[in-house]
Every structure is written in C-alpha cells, then in structure tokens.
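Participant: Just dropping this structure here.
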Amino acid sequence: MKKKMKIEGMRCGGCEGRVKRMLEALPQVDRVTASHEAGAAEVILNAEIPDEVLKKTVEDLGFFVTGIE
C-alpha cells in the first residue's frame, strides 16, 4: 500500500530526514521518501494505518499536513 502526504513547512534535507525517521518508526510503515522541494512524502505501508496517525506524527514535528491520498 502507498500513501502520498502533502506537507507544508519542510525547508531542507534535515526536515526530510526528521519526517522520514518519525514515520518509519511506526510499525505499519516500511519506507518513506520525503521531499521538501515537492512538499510531499510517499509512505509505503505493510498494514493499514489511519490517516490521522500519519498526520499527527508529522504535525507533532511542527509541519502541517494539507492532504493524504
């Protein structure tokens, strides 16, 4: 399964790394590719996870999630 998150506030590679590490710490997440230039993250899942959990994980870092597809 794959989800794409639109994220505002990532400004550099360090921001991408923080988003990637925190999302990959969730047991349902296998891999994350984040891009501050695109303002997005692609999340590869191994099990269902509520969008709200993904959103809270990213927003707890100080970023703003504007959509999840």
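Here's how to read the names in the structure tokens: chain A, B, ... by the order shown, residue numbers from 1 in each chain, ligand numbers from 1 in the order shown.
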Residues at most 9 Å from stretch 49-63 of chain A, counting only C-alpha atoms, excluding those fewer than 5 positions away in the same chain, as a ChimeraX atom specification?
Facilitator: /A:5,7-10,18-19,22-23,26,28-29,68
Participant: As a list of chain:residue names, please: all residues of chain A that backbone DSSP puts in strand (DSSP E or B).
Facilitator: A:Lys2, A:Lys3, A:Lys4, A:Met5, A:Lys6, A:Ile7, A:Glu8, A:Val29, A:Asp30, A:Arg31, A:Val32, A:Thr33, A:Ala34, A:Ser35, A:Ala40, A:Ala41, A:Glu42, A:Val43, A:Ile44, A:Leu45, A:Phe64, A:Val65, A:Thr66, A:Gly67, A:Ile68
Participant: Choose the residue, out of A:Gly13, A:Val65, A:Glu24, A:Met1, that has the smallest atom-to-atom separation from A:Asn46; count only C-alpha atoms.
Facilitator: A:Met1
Participant: Have a look at atom CA of A:Arg11 and atom CA of A:Pro27 and let me know their distance in Å, one decimal.
Facilitator: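 So the two atoms, atom CA of A:Arg11 and atom CA of A:Pro27, lie 26.5 Å apart.
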Participant: List the spatial neighbours of A:Lys2 as a PyMOL selection string - criterion: any atom at most 9 Å away, only C-alpha atoms, same-chain residues fewer than 6 positions off excluded.
Facilitator: chain A and resi 42-45+69
Participant: Residues as selected, C-alpha atoms, written as a PDB file, in the first residue's frame, can you do that?
Facilitator:
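The resulting result-v2.pdb:
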ATOM      1  CA  GLU A  42       5.470   8.983  -0.138  1.00  0.00           C
ATOM      2  CA  VAL A  43       4.735   6.367   2.521  1.00  0.00           C
ATOM      3  CA  ILE A  44       4.950   2.636   1.767  1.00  0.00           C
ATOM      4  CA  LEU A  45       2.836   0.625   4.222  1.00  0.00           C
ATOM      5  CA  GLU A  69      -4.079  10.416  -0.772  1.00  0.00           C
TER       6      GLU A  69
END
Participant: What does the distance between atom CA of A:His36 and atom CA of A:Gly67 come to in Å, to one decimal place?
Facilitator: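 Interatomic distance here is 15.1 Å.
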Participant: What does the structure give for the distance between atom CA of A:Thr66 and atom CA of A:Glu16, in Å to one decimal?
Facilitator: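 Distance between the two atoms: 16.1 Å.
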Participant: Can you pull out every residue from chain A that DSSP, working from the backbone, puts in helix (DSSP H, G or I), and format the result as JSON, numbers by chain?
Facilitator: {"A": [13, 14, 15, 16, 17, 18, 19, 20, 21, 22, 23, 24, 51, 52, 53, 54, 55, 56, 57, 58, 59]}
Participant: Write a file of the selected residues as a short mmCIF file (atom, residue, chain, number, x, y, z; two decimals), in the first residue's frame, keeping N, CA and C atoms.
Facilitator:
data_model
loop_
_atom_site.label_atom_id
_atom_site.label_comp_id
_atom_site.auth_asym_id
_atom_site.auth_seq_id
_atom_site.Cartn_x
_atom_site.Cartn_y
_atom_site.Cartn_z
N GLY A 13 16.93 19.29 3.76
CA GLY A 13 17.14 17.86 3.89
C GLY A 13 16.99 17.37 5.32
N GLY A 14 17.32 18.22 6.28
CA GLY A 14 17.15 17.85 7.69
C GLY A 14 15.69 17.64 8.03
N CYS A 15 14.83 18.50 7.49
CA CYS A 15 13.38 18.35 7.69
C CYS A 15 12.90 17.04 7.08
N GLU A 16 13.37 16.75 5.88
CA GLU A 16 13.00 15.50 5.23
C GLU A 16 13.41 14.31 6.09
N GLY A 17 14.61 14.36 6.64
CA GLY A 17 15.12 13.28 7.48
C GLY A 17 14.28 13.07 8.72
N ARG A 18 13.86 14.16 9.35
CA ARG A 18 13.03 14.04 10.56
C ARG A 18 11.69 13.40 10.25
N VAL A 19 11.06 13.84 9.15
CA VAL A 19 9.78 13.26 8.74
C VAL A 19 9.95 11.78 8.44
N LYS A 20 10.99 11.45 7.69
CA LYS A 20 11.27 10.05 7.32
C LYS A 20 11.47 9.19 8.56
N ARG A 21 12.31 9.61 9.48
CA ARG A 21 12.61 8.82 10.68
C ARG A 21 11.38 8.60 11.54
N MET A 22 10.58 9.64 11.75
CA MET A 22 9.41 9.51 12.62
C MET A 22 8.33 8.63 12.00
N LEU A 23 8.10 8.76 10.70
CA LEU A 23 7.10 7.92 10.05
C LEU A 23 7.57 6.47 9.99
N GLU A 24 8.86 6.25 9.70
CA GLU A 24 9.38 4.88 9.62
C GLU A 24 9.43 4.20 10.98
N ASP A 51 -5.23 7.63 8.57
CA ASP A 51 -4.58 8.86 8.11
C ASP A 51 -4.28 9.79 9.28
N GLU A 52 -5.15 9.80 10.27
CA GLU A 52 -4.95 10.70 11.42
C GLU A 52 -3.65 10.39 12.18
N VAL A 53 -3.25 9.11 12.22
CA VAL A 53 -2.00 8.74 12.89
C VAL A 53 -0.80 9.30 12.10
N LEU A 54 -0.85 9.15 10.78
CA LEU A 54 0.22 9.70 9.94
C LEU A 54 0.28 11.22 10.11
N LYS A 55 -0.87 11.85 10.05
CA LYS A 55 -0.95 13.31 10.16
C LYS A 55 -0.40 13.79 11.50
N LYS A 56 -0.81 13.16 12.59
CA LYS A 56 -0.35 13.57 13.92
C LYS A 56 1.16 13.40 14.06
N THR A 57 1.68 12.30 13.52
CA THR A 57 3.12 12.04 13.60
C THR A 57 3.91 13.18 12.95
N VAL A 58 3.47 13.63 11.79
CA VAL A 58 4.17 14.70 11.07
C VAL A 58 3.92 16.05 11.74
N GLU A 59 2.68 16.31 12.14
CA GLU A 59 2.37 17.61 12.73
C GLU A 59 3.00 17.79 14.11
#
